[in-house]
Amino acid sequence: MVDSPSLSRPARPVWAELSLGALRGNYRALRALAPAAEVLAVVKANAYGHGVDLCAPACIRAGAHWLGVTSVEEGVRVRTLGPDPQVPPVPKTSPDLQTPTDTRILVMSGLHPGEAAAVLAHRLAPSVWEPYQLDLLAAEARQRGLPPQSVPVHLELDTGMARQGLSVPGARNELAALLPRFAAHSPLRLEGVMTHFHSPEVLEGATALQIGRLAAALELITAQGVRPELLHAGNSATLLGGSDLPALEALALRHGMGLMLRPGLALYGYAPSFVPPQAPPVALRRVLAWKTRITSLRTIQPGETVGYNATYRAAQATSLALLPVGYADGYNRLLSNRGTVLIRGERAPIAGRVSMDQVVVDVSGVSGASIGDEAVLLGEQGIHSVTADDIATLTGTISYEVLCAIGARVPRLAVG
Ligand SMILES: *Cc1c(COP(=O)(O)O)cnc(C)c1O
C-alpha cells in the first residue's frame with residue numbers, strides 16, 4: 001500500500017458517495033407532482049446528513065429557487081457555497097457571495113438574538129412568530145437605514161403541531177396585534193405565511209383540520225390589508241401523498257398567493273410510510289451510499305467470542321472481517337449483532353458490539369473475502385441493498401435520523 005502524501009483529506013477508508021444526478025432527478029420528479037407550485041428544497045441538517053456543500057448547488061442546478069435550512073449558520077453556509085463543480089461558474093455579483101444571487105434561503109426555525117445582522121447581510125428569509133424576532137430584525141434594518149418593505153419575513157402559524165409558530169385560532173388576538181408590524185412604512189415585509197403539518201403521511205383527513213385553521217388565519221390576515229405573496233406548507237408526504245394538494249392550491253388561489261411546498265426526505269430518495277400504505281407516485285432514487293473497506297481478517301474457533309462484553313460467541317469456526325467504522329461515525333450501536341453489511345454481493349452480519357470506531361462482521365458466507373474489499377453499510381451491491389429504512393427498523397427510529405447521524409468525519413464524495 002502507498003502512503004497518502006497528504007492527510008488534508010481523510011485517508012481512513014470510510015466515505016459516503018452521493019449521486020447528485022439522483023438528487024437532481026428527485027427534485028424534478030417532485031416538482032412535476034405540483035406543477036403550479038414552487039418547490040423549496042429542504043437542505044437543513046447538512047442536507048439530511050448528505051452534505052450541504054454538494055447538495056445545495058445540485059438542487060439549484062435542478063431548478064430550485066428556494067432552499068430551506070433550520071439555522072442562520074446553515075443559511076450563511078449555503079449562501080457562501082462555491083458553485084456546483086459540475087456547472088459553469090455563476091457570475092459573481094458580489095465578491096463574497098457565490099450562490100446565484102436570486103436563490104432564496106428560508107431559515108425555518110426563527111432567529112436568535114445576535115443573528116439579525118447575518119440574516120440581513122446574507123439576504124436570508126427568516127421564519128418568525130415571536131414579537132422579539134421582529135424586534136431584532138426591525139432594529140437591525142433601521143440601523144442599516146434600510147428602506148420600507150425591504151426585509152422579507154415568513155410568518156409561521158402553528159395550526160396543530162404545537163412546536164413553533166403563532167397558534168391559531170388560540171392566538172388570534174396576538175396575530176392581529178402582530179400584523180401592523182408589516183405596514184407600508186415598516187422595513188419588514190410579510191412575504192410568506194407558513195405552517196407545518198404533523199401527520200401528512202396519514203392520508204385520511206389528518207391534515208384537513210390544520211388546513212382549515214390556516215384558512216381562517218389567512219382570512220384574518222388579508223382582512224387587515226396585509227397581502228403576503230407566498231403560502232407554504234407541506235413536506236415530502238404532502239407532495240407524494242397528493243390528497244391535500246387541491247385544498248392548499250385552492251387556498252393560495254383564493255388569496256392571490258403563490259403556493260410553495262417544502263420537501264426534504266424525498267429529495268434524498270426516501271419516502272415516508274403512508275397510512276394506509278401507498279406507493280409513492282414517482283420513482284425516487286437514493287442519493288447516498290455509505291461505504292468502507294475490510295482492513296483485517298481473522299478466523300475464530302468454536303466457543304470464542306467477539307467484541308466488548310463478549311456478546312457474540314462462535315458456534316463453529318468463523319471468519320471475521322474488521323471494518324474501520326463505528327458509532328462515532330454514526331453507525332448505530334443498536335446494530336450490534338443485528339445489522340448486516342454487503343461484501344462481494346453477500347450479506348455479512350455484524351458480530352458482537354459495534355465499537356466507537358470499529359465493527360466486526362462475519363464473512364464466513366462471503367467466499368474470497370479479502371483485505372481491501374468494499375463493504376457497503378448503506379446502499380446497494382449486487383442483488384442486495386441496505387436502506388436507511390432497514391437500519392431504522394433495526395434501531396427503532398426513522399430513516400431521517402439514520403441519515404442525519406452519519407458523522408461529520410465521513411467525507412462526502414460526488415459520484416455523478
Ligand atoms: C424538515 C421540514 C420539512 C421537510 O420535511 P420532510 O418530511 O423531510 O419532507 C418541511 N418543512 C419544515 C418546516 C421542516 O422543518
# chains A, B, ... in the order shown; residues from 1 in each chain; ligands from 1
$ residues_near_ligand --ligand "ligand 1" --cutoff "8 Å" --atoms "only C-alpha atoms and all ligand atoms" --output "ChimeraX atom specification"
/A:42,44,68,70,108-109,195-196,233-237,261-267,272,400
$ residues_around --residues "range 153-170 of chain A" --least-positions-apart "6" --cutoff "9 Å" --atoms "only C-alpha atoms" --output "ChimeraX atom specification"
/A:106,108-110,124-130,134,188-198,209-214,216-217,228,230
$ closest_residue --among "A:His65, A:Arg412, A:Arg353, A:His122" --to "Thr311 in chain A" --atoms "only C-alpha atoms"
A:Arg353
$ select_by_dssp --residues "range 240-324 of chain A" --states "strand (DSSP E or B)" --output "number ranges by chain"
A: 258-261, 275, 288-293, 296-300, 305-306, 312-313, 318-323
$ residues_around --residues "Arg286 in chain A" --least-positions-apart "5" --cutoff "8 Å" --atoms "only C-alpha atoms" --output "PyMOL selection string"
chain A and resi 19+22-23+268-270
$ residues_around --residues "range 287-303 of chain A" --least-positions-apart "2" --cutoff "7 Å" --atoms "only C-alpha atoms" --output "PDB file with C-alpha atoms, in the first residue's frame"
ATOM      1  CA  PRO A  13     -11.455   4.169   4.157  1.00  0.00           C
ATOM      2  CA  VAL A  14     -14.905   5.293   5.276  1.00  0.00           C
ATOM      3  CA  TRP A  15     -16.826   7.520   2.929  1.00  0.00           C
ATOM      4  CA  ALA A  16     -20.263   8.422   1.589  1.00  0.00           C
ATOM      5  CA  GLU A  17     -20.907   8.522  -2.150  1.00  0.00           C
ATOM      6  CA  LEU A  18     -23.532  10.958  -3.363  1.00  0.00           C
ATOM      7  CA  SER A  19     -25.302  10.648  -6.653  1.00  0.00           C
ATOM      8  CA  LEU A  20     -26.070  14.269  -7.420  1.00  0.00           C
ATOM      9  CA  ALA A  22     -30.245  11.193  -8.457  1.00  0.00           C
ATOM     10  CA  LEU A  23     -30.787  14.275  -6.291  1.00  0.00           C
ATOM     11  CA  HIS A  50     -25.771  14.052   2.904  1.00  0.00           C
ATOM     12  CA  TYR A 268     -32.738  12.207  -0.932  1.00  0.00           C
ATOM     13  CA  GLY A 269     -34.665   9.251  -2.335  1.00  0.00           C
ATOM     14  CA  ARG A 285     -33.536   7.273  -6.393  1.00  0.00           C
ATOM     15  CA  THR A 305     -16.221 -14.517  21.434  1.00  0.00           C
ATOM     16  CA  ARG A 313     -19.961 -16.477  20.586  1.00  0.00           C
ATOM     17  CA  ALA A 314     -18.901 -18.550  17.577  1.00  0.00           C
ATOM     18  CA  ALA A 315     -20.799 -21.825  17.159  1.00  0.00           C
ATOM     19  CA  GLN A 316     -18.259 -23.051  14.624  1.00  0.00           C
ATOM     20  CA  ALA A 317     -15.021 -21.834  13.077  1.00  0.00           C
ATOM     21  CA  THR A 318     -15.938 -18.319  11.912  1.00  0.00           C
ATOM     22  CA  SER A 319     -14.223 -15.914   9.515  1.00  0.00           C
ATOM     23  CA  LEU A 320     -14.319 -12.336  10.712  1.00  0.00           C
ATOM     24  CA  ALA A 321     -13.559  -9.091   8.929  1.00  0.00           C
ATOM     25  CA  LEU A 322     -12.728  -5.787  10.573  1.00  0.00           C
ATOM     26  CA  LEU A 323     -14.294  -2.562   9.270  1.00  0.00           C
ATOM     27  CA  SER A 370     -10.064 -10.114   1.329  1.00  0.00           C
ATOM     28  CA  ILE A 371      -8.404  -7.084   2.821  1.00  0.00           C
ATOM     29  CA  GLY A 372      -9.393  -4.060   0.751  1.00  0.00           C
ATOM     30  CA  ASP A 373     -12.827  -5.395  -0.229  1.00  0.00           C
ATOM     31  CA  GLU A 374     -15.518  -2.746  -0.288  1.00  0.00           C
ATOM     32  CA  ALA A 375     -18.198  -3.120   2.387  1.00  0.00           C
ATOM     33  CA  VAL A 376     -21.499  -1.321   1.875  1.00  0.00           C
ATOM     34  CA  LEU A 377     -23.043  -0.072   5.114  1.00  0.00           C
ATOM     35  CA  LEU A 378     -25.895   1.718   3.359  1.00  0.00           C
ATOM     36  CA  GLY A 379     -26.647   1.288  -0.326  1.00  0.00           C
TER      37      GLY A 379
END
$ atom_distance --atom1 "CA of Leu203 in chain A" --atom2 "CA of Ser273 in chain A"
10.5 Å
$ atom_distance --atom1 "CA of Thr397 in chain A" --atom2 "CA of Val202 in chain A"
18.0 Å
$ decode --residues "range 251-280 of chain A" --atoms "N, CA and C atoms" --output "PDB file, in the first residue's frame"
ATOM      1  N   LEU A 251     -56.663  27.303  -1.571  1.00  0.00           N
ATOM      2  CA  LEU A 251     -56.479  28.327  -0.548  1.00  0.00           C
ATOM      3  C   LEU A 251     -55.532  29.436  -1.037  1.00  0.00           C
ATOM      4  N   ALA A 252     -54.448  29.032  -1.666  1.00  0.00           N
ATOM      5  CA  ALA A 252     -53.497  30.023  -2.194  1.00  0.00           C
ATOM      6  C   ALA A 252     -54.175  30.879  -3.250  1.00  0.00           C
ATOM      7  N   LEU A 253     -54.927  30.215  -4.118  1.00  0.00           N
ATOM      8  CA  LEU A 253     -55.612  30.911  -5.204  1.00  0.00           C
ATOM      9  C   LEU A 253     -56.593  31.949  -4.658  1.00  0.00           C
ATOM     10  N   ARG A 254     -57.353  31.543  -3.621  1.00  0.00           N
ATOM     11  CA  ARG A 254     -58.368  32.434  -3.057  1.00  0.00           C
ATOM     12  C   ARG A 254     -57.758  33.747  -2.571  1.00  0.00           C
ATOM     13  N   HIS A 255     -56.505  33.672  -2.099  1.00  0.00           N
ATOM     14  CA  HIS A 255     -55.873  34.879  -1.569  1.00  0.00           C
ATOM     15  C   HIS A 255     -54.845  35.473  -2.520  1.00  0.00           C
ATOM     16  N   GLY A 256     -54.864  34.994  -3.752  1.00  0.00           N
ATOM     17  CA  GLY A 256     -53.931  35.528  -4.748  1.00  0.00           C
ATOM     18  C   GLY A 256     -52.477  35.282  -4.374  1.00  0.00           C
ATOM     19  N   MET A 257     -52.224  34.186  -3.696  1.00  0.00           N
ATOM     20  CA  MET A 257     -50.861  33.881  -3.250  1.00  0.00           C
ATOM     21  C   MET A 257     -50.279  32.748  -4.095  1.00  0.00           C
ATOM     22  N   GLY A 258     -48.965  32.716  -4.179  1.00  0.00           N
ATOM     23  CA  GLY A 258     -48.307  31.561  -4.771  1.00  0.00           C
ATOM     24  C   GLY A 258     -48.232  30.457  -3.723  1.00  0.00           C
ATOM     25  N   LEU A 259     -48.305  29.206  -4.172  1.00  0.00           N
ATOM     26  CA  LEU A 259     -48.183  28.083  -3.234  1.00  0.00           C
ATOM     27  C   LEU A 259     -46.774  27.512  -3.326  1.00  0.00           C
ATOM     28  N   MET A 260     -46.230  27.167  -2.164  1.00  0.00           N
ATOM     29  CA  MET A 260     -44.903  26.518  -2.168  1.00  0.00           C
ATOM     30  C   MET A 260     -44.950  25.315  -1.244  1.00  0.00           C
ATOM     31  N   LEU A 261     -44.323  24.227  -1.660  1.00  0.00           N
ATOM     32  CA  LEU A 261     -44.177  23.044  -0.803  1.00  0.00           C
ATOM     33  C   LEU A 261     -42.722  22.905  -0.392  1.00  0.00           C
ATOM     34  N   ARG A 262     -42.491  22.158   0.679  1.00  0.00           N
ATOM     35  CA  ARG A 262     -41.136  22.090   1.240  1.00  0.00           C
ATOM     36  C   ARG A 262     -40.705  20.650   1.481  1.00  0.00           C
ATOM     37  N   PRO A 263     -40.442  19.877   0.427  1.00  0.00           N
ATOM     38  CA  PRO A 263     -39.992  18.504   0.664  1.00  0.00           C
ATOM     39  C   PRO A 263     -38.528  18.448   1.079  1.00  0.00           C
ATOM     40  N   GLY A 264     -38.233  17.504   1.941  1.00  0.00           N
ATOM     41  CA  GLY A 264     -36.847  17.240   2.331  1.00  0.00           C
ATOM     42  C   GLY A 264     -36.497  15.801   2.003  1.00  0.00           C
ATOM     43  N   LEU A 265     -36.968  14.905   2.850  1.00  0.00           N
ATOM     44  CA  LEU A 265     -36.590  13.486   2.750  1.00  0.00           C
ATOM     45  C   LEU A 265     -36.658  12.918   1.335  1.00  0.00           C
ATOM     46  N   ALA A 266     -37.738  13.226   0.624  1.00  0.00           N
ATOM     47  CA  ALA A 266     -37.931  12.627  -0.702  1.00  0.00           C
ATOM     48  C   ALA A 266     -36.841  13.057  -1.688  1.00  0.00           C
ATOM     49  N   LEU A 267     -36.289  14.243  -1.479  1.00  0.00           N
ATOM     50  CA  LEU A 267     -35.190  14.690  -2.347  1.00  0.00           C
ATOM     51  C   LEU A 267     -34.036  13.705  -2.308  1.00  0.00           C
ATOM     52  N   TYR A 268     -33.878  13.098  -1.141  1.00  0.00           N
ATOM     53  CA  TYR A 268     -32.738  12.207  -0.932  1.00  0.00           C
ATOM     54  C   TYR A 268     -33.093  10.764  -1.275  1.00  0.00           C
ATOM     55  N   GLY A 269     -34.296  10.556  -1.794  1.00  0.00           N
ATOM     56  CA  GLY A 269     -34.665   9.251  -2.335  1.00  0.00           C
ATOM     57  C   GLY A 269     -35.451   8.361  -1.398  1.00  0.00           C
ATOM     58  N   TYR A 270     -35.929   8.910  -0.293  1.00  0.00           N
ATOM     59  CA  TYR A 270     -36.712   8.106   0.647  1.00  0.00           C
ATOM     60  C   TYR A 270     -38.136   8.652   0.734  1.00  0.00           C
ATOM     61  N   ALA A 271     -39.073   7.731   0.935  1.00  0.00           N
ATOM     62  CA  ALA A 271     -40.470   8.134   1.067  1.00  0.00           C
ATOM     63  C   ALA A 271     -40.945   7.809   2.468  1.00  0.00           C
ATOM     64  N   PRO A 272     -41.868   8.619   2.993  1.00  0.00           N
ATOM     65  CA  PRO A 272     -42.452   8.286   4.294  1.00  0.00           C
ATOM     66  C   PRO A 272     -43.360   7.057   4.174  1.00  0.00           C
ATOM     67  N   SER A 273     -43.702   6.429   5.294  1.00  0.00           N
ATOM     68  CA  SER A 273     -44.625   5.279   5.257  1.00  0.00           C
ATOM     69  C   SER A 273     -46.037   5.806   5.367  1.00  0.00           C
ATOM     70  N   PHE A 274     -46.789   5.661   4.288  1.00  0.00           N
ATOM     71  CA  PHE A 274     -48.143   6.205   4.280  1.00  0.00           C
ATOM     72  C   PHE A 274     -49.120   5.308   5.026  1.00  0.00           C
ATOM     73  N   VAL A 275     -50.122   5.949   5.606  1.00  0.00           N
ATOM     74  CA  VAL A 275     -51.220   5.252   6.278  1.00  0.00           C
ATOM     75  C   VAL A 275     -52.508   5.724   5.606  1.00  0.00           C
ATOM     76  N   PRO A 276     -53.282   4.839   4.915  1.00  0.00           N
ATOM     77  CA  PRO A 276     -52.948   3.441   4.616  1.00  0.00           C
ATOM     78  C   PRO A 276     -51.778   3.373   3.639  1.00  0.00           C
ATOM     79  N   PRO A 277     -51.105   2.212   3.600  1.00  0.00           N
ATOM     80  CA  PRO A 277     -49.916   2.112   2.763  1.00  0.00           C
ATOM     81  C   PRO A 277     -50.206   2.502   1.317  1.00  0.00           C
ATOM     82  N   GLN A 278     -49.285   3.221   0.717  1.00  0.00           N
ATOM     83  CA  GLN A 278     -49.454   3.678  -0.660  1.00  0.00           C
ATOM     84  C   GLN A 278     -48.052   3.859  -1.245  1.00  0.00           C
ATOM     85  N   ALA A 279     -47.866   3.380  -2.454  1.00  0.00           N
ATOM     86  CA  ALA A 279     -46.543   3.544  -3.071  1.00  0.00           C
ATOM     87  C   ALA A 279     -46.414   4.974  -3.569  1.00  0.00           C
ATOM     88  N   PRO A 280     -45.223   5.564  -3.473  1.00  0.00           N
ATOM     89  CA  PRO A 280     -45.051   6.919  -4.000  1.00  0.00           C
ATOM     90  C   PRO A 280     -45.363   6.964  -5.497  1.00  0.00           C
TER      91      PRO A 280
END
